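Note: the block below is coords.txt and it holds compact mmCIF, C-alpha atoms.
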# COMPACT_ATOMS: atom_id res chain seq x y z
CA MET G 1 61.01 -4.00 59.72
CA VAL G 2 58.22 -3.79 57.18
CA PHE G 3 59.10 -6.97 55.33
CA ALA G 4 59.22 -9.13 58.46
CA ARG G 5 55.96 -7.69 59.83
CA ALA G 6 54.14 -8.06 56.55
CA LEU G 7 55.33 -11.61 55.91
CA SER G 8 54.44 -12.67 59.44
CA ALA G 9 50.97 -11.12 59.21
CA CYS G 10 50.22 -12.57 55.81
CA LEU G 11 51.44 -16.06 56.63
CA ALA G 12 49.44 -16.10 59.85
CA ALA G 13 46.38 -16.60 57.67
CA ALA G 14 48.21 -19.26 55.70
CA ALA G 15 48.79 -21.17 58.93
CA LEU G 16 45.05 -21.85 58.93
CA ALA G 17 45.13 -23.30 55.43
CA ALA G 18 44.65 -26.92 54.40
CA CYS G 19 47.27 -28.66 52.26
CA GLY G 20 45.94 -28.65 48.74
CA GLY G 21 43.71 -25.67 49.55
CA ALA G 22 43.01 -22.76 47.26
CA THR G 23 45.93 -21.50 45.18
CA THR G 24 46.28 -18.68 42.68
CA SER G 25 45.08 -20.88 39.82
CA ASP G 26 42.09 -22.09 41.87
CA VAL G 27 40.64 -18.64 42.37
CA GLY G 28 39.16 -17.94 38.96
CA SER G 29 37.56 -14.71 40.12
CA THR G 30 41.05 -13.27 40.41
CA GLY G 31 41.52 -13.26 36.65
CA GLN G 32 45.01 -14.52 35.82
CA GLY G 33 45.56 -12.03 33.02
CA GLY G 34 45.42 -9.11 35.44
CA ARG G 35 47.82 -10.80 37.87
CA ALA G 36 50.29 -12.04 35.30
CA GLY G 37 51.40 -8.46 34.70
CA GLN G 38 52.80 -8.47 38.23
CA ALA G 39 55.25 -11.14 37.14
CA GLY G 40 56.16 -9.17 34.04
CA GLN G 41 54.45 -11.58 31.60
CA GLY G 42 51.08 -9.93 31.05
CA GLN G 43 49.49 -13.02 29.42
CA ALA G 44 45.73 -13.05 29.67
CA GLY G 45 44.24 -16.03 31.50
CA ASN G 46 40.78 -17.42 31.04
CA GLY G 47 39.75 -17.33 34.71
CA GLN G 48 37.58 -20.42 34.19
CA ALA G 49 38.50 -22.20 37.44
CA GLY G 50 35.85 -20.85 39.80
CA GLY G 51 34.07 -18.89 37.10
CA GLY G 52 36.24 -15.78 37.21
CA GLN G 53 36.71 -13.31 34.39
CA ALA G 54 39.90 -12.88 32.37
CA GLY G 55 42.21 -10.15 33.60
CA SER G 56 42.60 -7.00 31.58
CA ALA G 57 46.19 -5.92 32.40
CA GLN G 58 48.29 -5.04 29.41
CA ALA G 59 51.51 -6.99 28.78
CA GLY G 60 54.17 -5.99 31.27
CA ALA G 61 51.90 -3.68 33.29
CA PRO G 62 51.88 -4.54 37.00
CA ALA G 63 48.69 -4.98 38.95
CA SER G 64 47.81 -1.82 40.84
CA TRP G 65 48.62 -3.46 44.16
CA ALA G 66 52.08 -4.44 42.88
CA ALA G 67 53.17 -1.05 41.54
CA CYS G 68 56.23 0.48 43.20
CA THR G 69 58.75 3.20 42.54
CA ALA G 70 61.67 2.33 44.85
CA PRO G 71 63.10 -0.45 47.02
CA GLY G 72 61.60 -0.81 50.48
CA GLN G 73 57.99 -0.42 49.30
CA CYS G 74 57.26 -4.14 48.89
CA ALA G 75 56.50 -7.22 51.00
CA VAL G 76 55.38 -10.76 50.24
CA ALA G 77 51.79 -11.89 50.76
CA PRO G 78 49.98 -15.20 50.04
CA ALA G 79 48.83 -15.35 46.42
CA SER G 80 45.57 -17.09 47.39
CA CYS G 81 42.97 -17.14 50.14
CA CYS G 82 44.52 -19.97 52.11
CA GLY G 83 48.17 -19.62 51.23
CA SER G 84 50.32 -22.76 51.15
CA CYS G 85 51.09 -25.62 53.50
CA GLY G 86 54.71 -26.25 54.38
CA ALA G 87 57.49 -24.09 52.98
CA PRO G 88 56.18 -21.39 50.60
CA THR G 89 57.81 -20.63 47.25
CA PRO G 90 57.62 -17.51 45.07
CA GLY G 91 54.78 -19.19 43.18
CA ASP G 92 52.76 -19.24 46.40
CA MET G 93 53.38 -15.58 47.13
CA ASP G 94 52.89 -12.17 45.53
CA GLY G 95 55.05 -9.10 45.86
CA VAL G 96 52.67 -6.44 47.16
CA ASN G 97 53.08 -2.72 47.78
CA ILE G 98 52.92 -2.31 51.57
CA THR G 99 50.14 0.27 51.19
CA LYS G 100 47.97 -2.03 49.03
CA PHE G 101 47.41 -5.15 51.15
CA THR G 102 43.65 -4.56 51.38
CA GLU G 103 43.36 -4.18 47.61
CA HIS G 104 45.45 -7.30 47.03
CA SER G 105 43.44 -9.36 49.52
CA ALA G 106 40.17 -8.30 47.92
CA GLU G 107 41.45 -9.54 44.55
CA VAL G 108 42.93 -12.88 45.54
CA CYS G 109 40.25 -13.74 48.08
CA PRO G 110 36.97 -11.98 47.31
CA GLY G 111 34.39 -12.66 49.99
CA GLY G 112 36.80 -14.68 52.11
CA VAL G 113 37.20 -18.46 52.30
CA GLY G 114 37.20 -20.72 55.34
CA CYS G 115 40.53 -22.52 55.51
CA PRO G 116 41.09 -25.72 57.53
CA ALA G 117 44.25 -25.79 59.60
CA CYS G 118 47.66 -26.84 58.31
CA PHE G 119 51.23 -25.88 59.10
CA ALA G 120 52.66 -22.99 57.07
CA GLU G 121 56.36 -22.19 57.34
CA THR G 122 57.96 -18.81 56.90
CA SER G 123 61.29 -18.31 55.15
CA LYS G 124 63.71 -15.39 55.08
CA ASP G 125 64.80 -16.68 51.65
CA LEU G 126 61.57 -15.21 50.24
CA LEU G 127 61.84 -11.50 49.58
CA ALA G 128 59.70 -8.90 47.82
CA VAL G 129 61.77 -6.60 45.61
CA CYS G 130 60.87 -3.57 43.53
CA ARG G 131 62.07 -4.16 39.98
CA GLY G 132 60.75 -2.66 36.78
CA ASP G 133 58.20 -0.58 38.73
CA ALA G 134 56.60 -3.72 40.17
CA CYS G 135 56.85 -5.64 43.43
CA ARG G 136 58.00 -9.21 42.81
CA ALA G 137 58.39 -12.21 45.11
CA ILE G 138 61.80 -13.87 44.66
CA GLU G 139 63.96 -16.54 46.25
CA VAL G 140 67.19 -14.84 47.29
CA SER G 141 69.13 -18.10 46.96
CA LYS G 142 68.28 -18.26 43.24
CA ASP G 143 68.50 -14.56 42.46
CA SER G 144 71.39 -12.53 41.06
CA MET G 145 71.88 -10.87 44.47
CA SER G 146 73.23 -14.19 45.81
CA ALA G 147 75.59 -14.99 42.89
CA CYS G 148 79.09 -15.90 44.12
CA ASP G 149 82.43 -17.44 43.22
CA VAL G 150 83.91 -18.29 46.65
CA ASP G 151 82.67 -18.58 50.24
CA GLY G 152 84.17 -15.20 51.08
CA ASP G 153 81.65 -13.56 48.73
CA CYS G 154 78.74 -14.55 50.98
CA VAL G 155 77.15 -13.31 54.21
CA VAL G 156 74.28 -14.54 56.39
CA ARG G 157 71.30 -12.27 56.90
CA SER G 158 68.10 -12.50 58.90
CA GLY G 159 66.10 -9.65 57.46
CA CYS G 160 68.20 -6.53 58.09
CA CYS G 161 70.38 -8.21 60.69
CA GLY G 162 73.52 -10.26 60.40
CA CYS G 163 73.07 -11.66 63.92
CA GLN G 164 71.83 -15.15 64.69
CA ALA G 165 69.20 -15.26 67.41
CA SER G 166 67.21 -18.21 66.02
CA ASP G 167 68.09 -21.91 65.89
CA GLN G 168 65.97 -22.37 62.75
CA LYS G 169 67.69 -22.35 59.36
CA SER G 170 64.58 -20.86 57.74
CA ALA G 171 65.18 -17.70 59.80
CA TYR G 172 68.16 -16.82 57.57
CA THR G 173 69.17 -16.32 53.99
CA ALA G 174 72.56 -15.86 52.34
CA VAL G 175 73.40 -12.99 50.02
CA SER G 176 76.54 -11.96 48.19
CA LYS G 177 78.49 -8.92 49.33
CA ALA G 178 77.97 -7.50 45.82
CA GLY G 179 74.19 -7.91 46.17
CA LEU G 180 73.98 -6.78 49.79
CA ALA G 181 73.10 -3.18 48.95
CA GLU G 182 70.10 -4.22 46.82
CA TYR G 183 69.05 -6.80 49.40
CA SER G 184 69.20 -4.30 52.25
CA ALA G 185 67.35 -1.63 50.28
CA ASN G 186 64.43 -4.03 49.79
CA ALA G 187 64.53 -5.87 53.12
CA CYS G 188 65.15 -2.97 55.50
CA ALA G 189 62.63 -0.21 56.01
CA GLY G 190 64.43 3.11 56.28
CA GLY G 191 67.69 1.67 54.95
CA GLY G 192 68.51 -0.74 57.78
CA GLU G 193 68.94 -0.97 61.52
CA ASP G 194 71.59 -1.79 64.10
CA CYS G 195 71.23 -5.29 65.49
CA ALA G 196 72.69 -6.29 68.84
CA CYS G 197 74.19 -9.76 68.40
CA PRO G 198 73.51 -12.36 71.10
CA GLU G 199 76.38 -13.87 73.06
CA PRO G 200 76.16 -17.48 71.78
CA ALA G 201 78.29 -18.33 68.76
CA PRO G 202 76.37 -18.56 65.47
CA LYS G 203 75.08 -21.93 64.32
CA PHE G 204 74.94 -21.12 60.59
CA ALA G 205 77.35 -19.86 57.95
CA ALA G 206 77.08 -18.60 54.37
CA VAL G 207 78.94 -20.54 51.69
CA CYS G 208 79.10 -20.43 47.89
CA GLY G 209 77.17 -23.51 46.78
CA ALA G 210 77.58 -25.73 43.73
CA SER G 211 75.07 -23.56 41.83
CA LYS G 212 77.35 -20.53 42.40
CA HIS G 213 74.76 -18.94 44.66
CA CYS G 214 75.24 -18.20 48.34
CA GLU G 215 73.47 -20.61 50.65
CA VAL G 216 73.03 -21.08 54.39
CA VAL G 217 74.63 -24.14 56.00
CA ALA G 218 74.57 -25.39 59.58
CA LEU G 219 77.81 -25.29 61.57
CA LEU G 220 77.71 -28.79 63.00
CA GLY G 221 79.77 -29.34 66.15
CA GLY G 222 80.51 -25.62 66.54
CA GLY G 223 81.91 -25.18 63.04
CA PRO G 224 83.27 -27.01 60.00
CA CYS G 225 86.64 -27.73 61.69
CA PRO G 226 87.21 -31.09 63.44
CA THR G 227 86.98 -30.85 67.23
CA SER G 228 90.63 -31.94 67.54
CA ALA G 229 93.62 -31.57 65.21
CA PRO G 230 93.28 -34.02 62.29
CA SER G 231 96.01 -36.32 61.01
CA GLY G 232 98.03 -35.14 58.03
CA GLY G 233 96.63 -36.47 54.76
CA ALA G 234 93.23 -37.37 56.22
CA PRO G 235 90.20 -36.39 54.07
CA CYS G 236 88.91 -32.87 54.70
CA PRO G 237 85.60 -31.12 53.84
CA LYS G 238 86.53 -28.04 51.78
CA PRO G 239 89.85 -26.96 50.22
CA GLY G 240 91.04 -23.67 51.67
CA LEU G 241 89.50 -24.22 55.12
CA SER G 242 92.02 -23.28 57.83
CA CYS G 243 91.65 -24.56 61.40
CA GLU G 244 93.72 -23.88 64.52
CA TYR G 245 94.10 -25.85 67.73
CA GLY G 246 95.50 -24.94 71.13
CA ASP G 247 95.33 -22.05 73.57
CA SER G 248 98.85 -20.61 73.60
CA VAL G 249 98.94 -16.85 74.22
CA VAL G 250 101.16 -16.82 71.11
CA ALA G 251 98.64 -17.59 68.38
CA SER G 252 101.35 -18.45 65.85
CA CYS G 253 102.47 -21.30 68.13
CA ARG G 254 99.17 -23.16 67.81
CA THR G 255 98.74 -26.19 65.56
CA ARG G 256 97.30 -25.24 62.19
CA ALA G 257 95.50 -27.58 59.79
CA THR G 258 94.75 -26.49 56.22
CA CYS G 259 92.41 -28.40 53.92
CA SER G 260 93.95 -29.09 50.50
CA PRO G 261 92.73 -31.26 47.58
CA GLY G 262 95.00 -34.02 48.89
CA GLY G 263 93.67 -33.88 52.47
CA TRP G 264 94.64 -32.09 55.67
CA GLN G 265 98.06 -30.42 55.79
CA VAL G 266 99.04 -30.09 59.46
CA LEU G 267 101.75 -27.83 60.90
CA THR G 268 102.78 -27.81 64.57
CA PRO G 269 105.31 -24.98 65.15
CA LYS G 270 108.26 -25.51 67.50
CA CYS G 271 108.04 -22.72 70.07
CA GLN G 272 109.65 -22.08 73.43
CA PRO G 273 107.26 -22.41 76.37
CA THR G 274 105.77 -19.24 77.81
CA HIS G 275 106.44 -18.12 81.38
CA PRO G 276 103.93 -16.97 84.01
CA ALA G 277 103.68 -13.37 85.21
CA GLY G 278 106.14 -12.53 87.99
CA GLN G 279 108.25 -15.63 87.44
CA ASP G 280 111.44 -16.47 85.52
CA GLY G 281 112.22 -12.79 85.07
CA CYS G 282 108.75 -11.87 83.77
CA PRO G 283 107.14 -8.62 84.96
CA SER G 284 104.15 -8.81 87.28
CA SER G 285 101.90 -6.60 85.12
CA VAL G 286 101.59 -5.18 81.61
CA ALA G 287 102.44 -1.77 83.09
CA ALA G 288 106.08 -2.82 82.60
CA SER G 289 105.74 -2.25 78.86
CA GLY G 290 108.62 -0.11 77.62
CA SER G 291 110.91 -0.79 80.60
CA LEU G 292 114.30 -2.47 80.17
CA CYS G 293 114.53 -6.26 80.34
CA ASP G 294 117.56 -8.51 80.83
CA PRO G 295 119.19 -9.05 77.40
CA LYS G 296 119.47 -12.73 78.36
CA LEU G 297 115.67 -12.89 78.19
CA GLU G 298 115.58 -11.76 74.53
CA GLY G 299 112.59 -13.45 72.89
CA GLN G 300 111.02 -14.68 76.14
CA VAL G 301 107.22 -14.53 76.20
CA CYS G 302 105.31 -14.06 79.43
CA ASP G 303 101.68 -15.15 79.73
CA MET G 304 100.17 -12.43 81.89
CA GLY G 305 96.76 -14.13 82.04
CA GLY G 306 93.39 -13.22 80.54
CA GLY G 307 94.85 -12.90 77.03
CA ALA G 308 97.55 -10.37 78.00
CA SER G 309 101.21 -11.02 77.22
CA CYS G 310 104.69 -9.46 77.47
CA LEU G 311 107.70 -10.04 75.24
CA CYS G 312 111.33 -9.12 75.88
CA GLY G 313 113.03 -7.88 72.71
CA SER G 314 115.26 -5.27 71.14
CA CYS G 315 113.36 -5.10 67.83
CA LEU G 316 109.72 -4.64 68.89
CA GLY G 317 107.49 -3.08 66.26
CA GLY G 318 110.21 -1.17 64.43
CA PRO G 319 113.97 -0.62 64.06
CA CYS G 320 116.17 -2.55 66.50
CA SER G 321 117.81 -0.74 69.41
CA ALA G 322 120.82 -1.44 71.61
CA ASN G 323 118.66 -2.22 74.64
CA ALA G 324 116.07 -4.95 75.11
CA ARG G 325 112.74 -3.80 76.49
CA TRP G 326 109.46 -5.32 77.53
CA GLY G 327 106.64 -5.02 75.07
CA CYS G 328 103.29 -5.81 76.66
CA ALA G 329 99.76 -6.00 75.26
CA SER G 330 96.45 -6.11 77.09
CA PRO G 331 93.53 -8.11 75.66
CA PRO G 332 91.27 -6.24 73.20
CA VAL G 333 87.99 -4.74 74.36
CA ALA G 334 84.58 -6.39 73.86
CA PRO G 335 83.05 -7.63 71.65
CA CYS G 336 86.46 -9.16 70.81
CA PRO G 337 87.24 -12.33 72.81
CA PRO G 338 89.92 -11.65 75.47
CA ALA G 339 92.05 -14.54 74.19
CA ALA G 340 92.82 -14.94 70.50
CA PRO G 341 90.22 -17.27 68.94
CA ASN G 342 91.27 -20.17 66.77
CA ALA G 343 90.84 -19.84 63.02
CA GLY G 344 87.86 -21.79 61.72
CA GLN G 345 85.67 -21.29 64.79
CA PRO G 346 82.26 -19.55 64.49
CA CYS G 347 82.12 -15.81 65.09
CA GLN G 348 79.89 -12.76 64.84
CA PRO G 349 79.36 -10.08 63.79
CA GLU G 350 80.90 -10.21 60.33
CA GLY G 351 83.83 -7.82 59.90
CA LEU G 352 84.83 -7.74 63.60
CA ALA G 353 88.63 -7.36 63.72
CA CYS G 354 90.63 -8.10 66.87
CA SER G 355 94.37 -7.65 67.54
CA TYR G 356 96.38 -9.66 70.04
CA GLY G 357 99.91 -9.46 71.40
CA VAL G 358 102.58 -6.93 70.44
CA SER G 359 102.06 -5.84 66.86
CA CYS G 360 104.81 -6.84 64.42
CA SER G 361 106.38 -9.29 66.85
CA SER G 362 106.27 -13.03 67.49
CA THR G 363 103.22 -12.52 69.72
CA GLY G 364 101.26 -10.32 67.31
CA ALA G 365 98.10 -11.69 65.67
CA ARG G 366 95.06 -10.20 63.99
CA LYS G 367 91.82 -12.17 63.78
CA VAL G 368 88.86 -11.16 61.60
CA CYS G 369 85.30 -12.51 61.60
CA GLY G 370 84.91 -13.46 57.95
CA GLY G 371 81.83 -13.51 55.72
CA ALA G 372 81.34 -17.26 56.24
CA GLY G 373 80.85 -16.62 59.98
CA LEU G 374 84.29 -18.04 60.88
CA TRP G 375 87.42 -16.54 62.39
CA VAL G 376 90.28 -16.13 59.90
CA ASN G 377 93.87 -14.92 60.27
CA GLU G 378 94.71 -11.60 58.65
CA ASP G 379 98.26 -10.56 57.78
CA VAL G 380 99.51 -7.23 59.09
CA ALA G 381 101.94 -5.04 57.14
CA CYS G 382 104.94 -4.20 59.32
CA PRO G 383 107.71 -1.62 58.79
CA LEU G 384 111.05 -2.96 57.60

For this file, produce the structure as structure tokens.
Amino acid sequence: MVFARALSACLAAAALAACGGATTSDVGSTGQGGRAGQAGQGQAGNGQAGGGQAGSAQAGAPASWAACTAPGQCAVAPASCCGSCGAPTPGDMDGVNITKFTEHSAEVCPGGVGCPACFAETSKDLLAVCRGDACRAIEVSKDSMSACDVDGDCVVRSGCCGCQASDQKSAYTAVSKAGLAEYSANACAGGGEDCACPEPAPKFAAVCGASKHCEVVALLGGGPCPTSAPSGGAPCPKPGLSCEYGDSVVASCRTRATCSPGGWQVLTPKCQPTHPAGQDGCPSSVAASGSLCDPKLEGQVCDMGGGASCLCGSCLGGPCSANARWGCASPPVAPCPPAAPNAGQPCQPEGLACSYGVSCSSTGARKVCGGAGLWVNEDVACPL
């Protein structure tokens, strides 16, 4: 990915910099008038710090190294010889056309400067975009492409990928679904790439922050849900958060806690216990699906193990019939978990949808990996 390679290469030099080292305003030979056009201001500077000459760019005209014609042509680069110590900001970086790094380096650091060592962080929240025919360095978390109203508007990204291979928060940014196309066009060379997600559950989620911009938050303790079912009325972190507890093969029989403005609202359904495969009239395998079952077992659920289940009923998935039959369901295929996950637990990749049990029955459930990186329940329309 061009952006990632360019940022890594450019900040490698910054890792040798000293805190308080040369910055854009320190390098007078750059000529701030010529570089201000890259930011769309075009105000002539005096270039006095270091004896440089005033830039000659006209108002609004980008520097030659910043000119672009389409997304995907830009990357960020340090705006000075030595870059910045610590976490860089857009003011420390320039948006540079990926074919013009040599020209940009010659302007911001003519002759080269020896830079003492200091630690320079990288951040996926910094992105170079092509806007108004110029490459510009922006913070995604403060840009229009991360504007949001609710958590469901937001997704986590690490460059092109939605997967989470790093334990460092700085390896990710959050973008709105509405801004994802623009983000991807600028961050992904060639329009994007397929990313194989690692097995471990993600440690970060995207939420809509107080500033109404998407932001990355850590999922402490495996997610925002308490590790055990909370007490009704106890304070909760975020209204609308839904959490499930338990491991019943019938997902609707698990305890559900929903965060409301008044605290946790807890519901524990009253369900009949399930029965093991081959016992109490249950079939020994899911191959029995569709065969007749004893009408006295109407509504009985059999836990077949490994996420599979069977249900005896006369109204399975459609109009009722005179005879009760077994309806059986095997667990979904990978990458779906074999057993239905609890709502509120971390998941990846975003958009993964998994069905469990017999559809349109007491055992049916559909779980979707939502934009906040958490499993949510999704209703399924069933025939009357």

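Note that the spacing between CA of Gly290 in chain G and CA of Cys271 in chain G amounts to 23.8 Å.
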
May I have the residues at most 12 Å from (94.1, -28.4, 47.1) in the file's coordinates, counting all atoms listed in the file, as a ChimeraX atom specification? /G:233,235-241,258-265

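For the pair CA of Ala329 in chain G and CA of Ser289 in chain G, the interatomic distance is 7.9 Å.
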
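Pairwise distance (CA of Pro335 in chain G, CA of Pro269 in chain G) equals 29.0 Å.
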
Measuring between all atoms listed in the file, which one of G:Pro346, G:Gly95, G:Pro110, G:Pro295 shows the shortest distance to Leu374 in chain G? G:Pro346

Shortest contact to Glu139 in chain G, candidates G:Ala106, G:Val333, G:Ala174, G:Ala165, atoms counted only C-alpha atoms, goes to G:Ala174

Give me the residues within 10 Å of Asn186 in chain G as an NGL selection string, counting only C-alpha atoms and dropping any in the same chain fewer than 6 places off. :G and (2-3 or 70-75 or 127-130 or 159-160 or 180 or 192)

Gln279 in chain G: which residues within 12 Å, counting only C-alpha atoms, same-chain residues fewer than 4 positions away excluded, as a compact mmCIF listing (two decimals) with C-alpha atoms, in the coordinates of the input?
# COMPACT_ATOMS: atom_id res chain seq x y z
CA THR G 274 105.77 -19.24 77.81
CA HIS G 275 106.44 -18.12 81.38
CA PRO G 283 107.14 -8.62 84.96
CA SER G 284 104.15 -8.81 87.28
CA SER G 285 101.90 -6.60 85.12
CA GLN G 300 111.02 -14.68 76.14
CA VAL G 301 107.22 -14.53 76.20
CA CYS G 302 105.31 -14.06 79.43
CA ASP G 303 101.68 -15.15 79.73
CA MET G 304 100.17 -12.43 81.89

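Residues in contact range of Cys154 in chain G, defined as at most 9 Å between all atoms listed in the file, with sequence neighbours fewer than 4 positions away removed, read G:Ser146, G:Ala147, G:Cys148, G:Val150, G:Ala174, G:Val175, G:Ser176, G:Lys177, G:Ala178, G:Ala205, G:Ala206, G:Val207, G:Cys208, G:His213, G:Cys214, G:Glu215, G:Gly371, G:Ala372.
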
Keeping only C-alpha atoms, write the selected residues to a file as an mmCIF file, in the coordinates of the input.
data_model
loop_
_atom_site.group_PDB
_atom_site.id
_atom_site.type_symbol
_atom_site.label_atom_id
_atom_site.label_comp_id
_atom_site.auth_asym_id
_atom_site.auth_seq_id
_atom_site.Cartn_x
_atom_site.Cartn_y
_atom_site.Cartn_z
ATOM 1 C CA SER G 146 73.230 -14.190 45.810
ATOM 2 C CA ALA G 147 75.590 -14.990 42.890
ATOM 3 C CA CYS G 148 79.090 -15.900 44.120
ATOM 4 C CA VAL G 150 83.910 -18.290 46.650
ATOM 5 C CA ALA G 174 72.560 -15.860 52.340
ATOM 6 C CA VAL G 175 73.400 -12.990 50.020
ATOM 7 C CA SER G 176 76.540 -11.960 48.190
ATOM 8 C CA LYS G 177 78.490 -8.920 49.330
ATOM 9 C CA ALA G 178 77.970 -7.500 45.820
ATOM 10 C CA ALA G 205 77.350 -19.860 57.950
ATOM 11 C CA ALA G 206 77.080 -18.600 54.370
ATOM 12 C CA VAL G 207 78.940 -20.540 51.690
ATOM 13 C CA CYS G 208 79.100 -20.430 47.890
ATOM 14 C CA HIS G 213 74.760 -18.940 44.660
ATOM 15 C CA CYS G 214 75.240 -18.200 48.340
ATOM 16 C CA GLU G 215 73.470 -20.610 50.650
ATOM 17 C CA GLY G 371 81.830 -13.510 55.720
ATOM 18 C CA ALA G 372 81.340 -17.260 56.240
#

Using all atoms listed in the file, which residues sit within 12 Å of His104 in chain G once same-chain residues fewer than 5 positions away are excluded, as an NGL selection string? :G and (10 or 30 or 34-35 or 38 or 63-67 or 75-81 or 93-99 or 109-110)

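With distances restricted to all atoms listed in the file, G:Thr69 is the closest residue to Cys135 in chain G from G:Ser242, G:Ser309, G:Thr69, G:Ser184.
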
Residues at most 10 Å from range 316-327 of chain G, counting only C-alpha atoms, excluding those fewer than 2 positions away in the same chain, as a PDB file with C-alpha atoms, in the coordinates of the input?
ATOM      1  CA  CYS G 282     108.750 -11.870  83.770  1.00  0.00           C
ATOM      2  CA  PRO G 283     107.140  -8.620  84.960  1.00  0.00           C
ATOM      3  CA  VAL G 286     101.590  -5.180  81.610  1.00  0.00           C
ATOM      4  CA  ALA G 287     102.440  -1.770  83.090  1.00  0.00           C
ATOM      5  CA  ALA G 288     106.080  -2.820  82.600  1.00  0.00           C
ATOM      6  CA  SER G 289     105.740  -2.250  78.860  1.00  0.00           C
ATOM      7  CA  GLY G 290     108.620  -0.110  77.620  1.00  0.00           C
ATOM      8  CA  SER G 291     110.910  -0.790  80.600  1.00  0.00           C
ATOM      9  CA  LEU G 292     114.300  -2.470  80.170  1.00  0.00           C
ATOM     10  CA  CYS G 293     114.530  -6.260  80.340  1.00  0.00           C
ATOM     11  CA  ASP G 294     117.560  -8.510  80.830  1.00  0.00           C
ATOM     12  CA  PRO G 295     119.190  -9.050  77.400  1.00  0.00           C
ATOM     13  CA  LYS G 296     119.470 -12.730  78.360  1.00  0.00           C
ATOM     14  CA  LEU G 297     115.670 -12.890  78.190  1.00  0.00           C
ATOM     15  CA  GLU G 298     115.580 -11.760  74.530  1.00  0.00           C
ATOM     16  CA  GLY G 299     112.590 -13.450  72.890  1.00  0.00           C
ATOM     17  CA  GLN G 300     111.020 -14.680  76.140  1.00  0.00           C
ATOM     18  CA  VAL G 301     107.220 -14.530  76.200  1.00  0.00           C
ATOM     19  CA  CYS G 302     105.310 -14.060  79.430  1.00  0.00           C
ATOM     20  CA  SER G 309     101.210 -11.020  77.220  1.00  0.00           C
ATOM     21  CA  CYS G 310     104.690  -9.460  77.470  1.00  0.00           C
ATOM     22  CA  LEU G 311     107.700 -10.040  75.240  1.00  0.00           C
ATOM     23  CA  CYS G 312     111.330  -9.120  75.880  1.00  0.00           C
ATOM     24  CA  GLY G 313     113.030  -7.880  72.710  1.00  0.00           C
ATOM     25  CA  SER G 314     115.260  -5.270  71.140  1.00  0.00           C
ATOM     26  CA  ALA G 329      99.760  -6.000  75.260  1.00  0.00           C
ATOM     27  CA  GLY G 357      99.910  -9.460  71.400  1.00  0.00           C
ATOM     28  CA  VAL G 358     102.580  -6.930  70.440  1.00  0.00           C
ATOM     29  CA  SER G 359     102.060  -5.840  66.860  1.00  0.00           C
ATOM     30  CA  CYS G 360     104.810  -6.840  64.420  1.00  0.00           C
ATOM     31  CA  SER G 361     106.380  -9.290  66.850  1.00  0.00           C
ATOM     32  CA  SER G 362     106.270 -13.030  67.490  1.00  0.00           C
ATOM     33  CA  THR G 363     103.220 -12.520  69.720  1.00  0.00           C
ATOM     34  CA  GLY G 364     101.260 -10.320  67.310  1.00  0.00           C
ATOM     35  CA  CYS G 382     104.940  -4.200  59.320  1.00  0.00           C
ATOM     36  CA  PRO G 383     107.710  -1.620  58.790  1.00  0.00           C
ATOM     37  CA  LEU G 384     111.050  -2.960  57.600  1.00  0.00           C
TER      38      LEU G 384
END

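Distances from G:Thr227, G:Thr255, G:Thr102, G:Ser248 to Gln345 in chain G were compared using all atoms listed in the file, and the smallest one belongs to G:Thr227.
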
Nearest residue to Glu182 in chain G out of G:Cys328, G:Cys225, G:Ala277, G:Met145, using only C-alpha atoms? G:Met145

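With all atoms listed in the file as the basis for measurement, G:Gln348 is the residue among G:Ser141, G:Gln272, G:Ser123, G:Gln348 that approaches Cys163 in chain G most closely.
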
For range 91-99 of chain G, supply N, CA and C atoms and format the output as a short mmCIF file (atom, residue, chain, number, x, y, z; two decimals), in the frame of the given file.
data_model
loop_
_atom_site.label_atom_id
_atom_site.label_comp_id
_atom_site.auth_asym_id
_atom_site.auth_seq_id
_atom_site.Cartn_x
_atom_site.Cartn_y
_atom_site.Cartn_z
N GLY G 91 56.05 -18.93 43.86
CA GLY G 91 54.78 -19.19 43.18
C GLY G 91 53.59 -19.15 44.11
N ASP G 92 53.83 -19.31 45.41
CA ASP G 92 52.76 -19.24 46.40
C ASP G 92 52.52 -17.83 46.90
N MET G 93 53.41 -16.91 46.54
CA MET G 93 53.38 -15.58 47.13
C MET G 93 53.35 -14.51 46.05
N ASP G 94 52.85 -13.35 46.40
CA ASP G 94 52.89 -12.17 45.53
C ASP G 94 53.77 -11.11 46.19
N GLY G 95 54.42 -10.30 45.36
CA GLY G 95 55.05 -9.10 45.86
C GLY G 95 54.01 -7.99 45.84
N VAL G 96 53.76 -7.40 47.01
CA VAL G 96 52.67 -6.44 47.16
C VAL G 96 53.20 -5.14 47.75
N ASN G 97 52.76 -4.01 47.19
CA ASN G 97 53.08 -2.72 47.78
C ASN G 97 52.52 -2.68 49.19
N ILE G 98 53.33 -2.24 50.16
CA ILE G 98 52.92 -2.31 51.57
C ILE G 98 51.70 -1.45 51.89
N THR G 99 51.33 -0.55 50.98
CA THR G 99 50.14 0.27 51.19
C THR G 99 48.90 -0.31 50.52
#
